[in-house]
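Heads up: the structure comes next, in structure tokens.
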Amino acid sequence: MKGAKPKQNAIRRGLSDAYGLAKEESSGVTMPPDIARDPVQSEIWAWLAPPVNNFAPQDVLILRRLTYWHAVAQQAEQAIHSEDGRINIFDKIGVKPYKTEDGREVPLVRKNPALQILKEATSEIRALSDILGLSPLARSRIGLMDATSVKTAADTAKMFSSIDSAYELEGEIEVEED
């Protein structure tokens, strides 16, 4: 073999990394550092806005709120579930001053406060998802649900002709020039 052995870290001209290993592909918004430090919120952010996303920088505040409310909803669900896997809709806060006919105590209960928190978090998640276009309803409003059908030039021409015919006036309009 002739010549010198190639250096490992040498920069070679005209060659690129064919497998895309040299640089990580990323577009859109990145995870803020404070959210990255929180394991729960960072997992939710990674699910909502993966490294390649279509969010703009002005969407970061809404994404932060959406991530927060997802974490609140998750914590409220954990508070509602008991150790044995059952859902606790009511919290026992005491015993009523009387007993049943068979001598058992009657528990005094209240609705679990985590239910109201979960309800509010779900409402906020729904509203913020609509703002970002993440819900099916929001996507249908902006026409993204029809993205599976392919539009052709004939479809576009038909659409414009129907718009023209909708605005067509009865009879002809004469324009007088002075």
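Identifiers in this document derive from the order of the structure tokens: chains are assigned A, B, ..., residues are numbered from 1 separately in each chain, and ligands are numbered from 1 in order of occurrence.
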
Inset, instruction - For Phe55 of chain A, work out the shell of residues within 10 Å, counting only C-alpha atoms and skipping chain neighbours fewer than 2 positions away, then give it as a PyMOL selection string. - result: chain A and resi 27-30+49+52-53+57-60+63+132

Legend entry - Picked from segment 56-110 of chain A by DSSP as helix (DSSP H, G or I), as a ChimeraX atom specification: /A:57-80

Inset, instruction - Considering only C-alpha atoms, return as number ranges by chain whatever protein or nucleic-acid residues lie within 10 Å of Leu128 of chain A, sequence-local ones (same chain, fewer than 3 positions apart) excluded. - result: A: 62-63, 65-67, 69, 122-125, 131-135
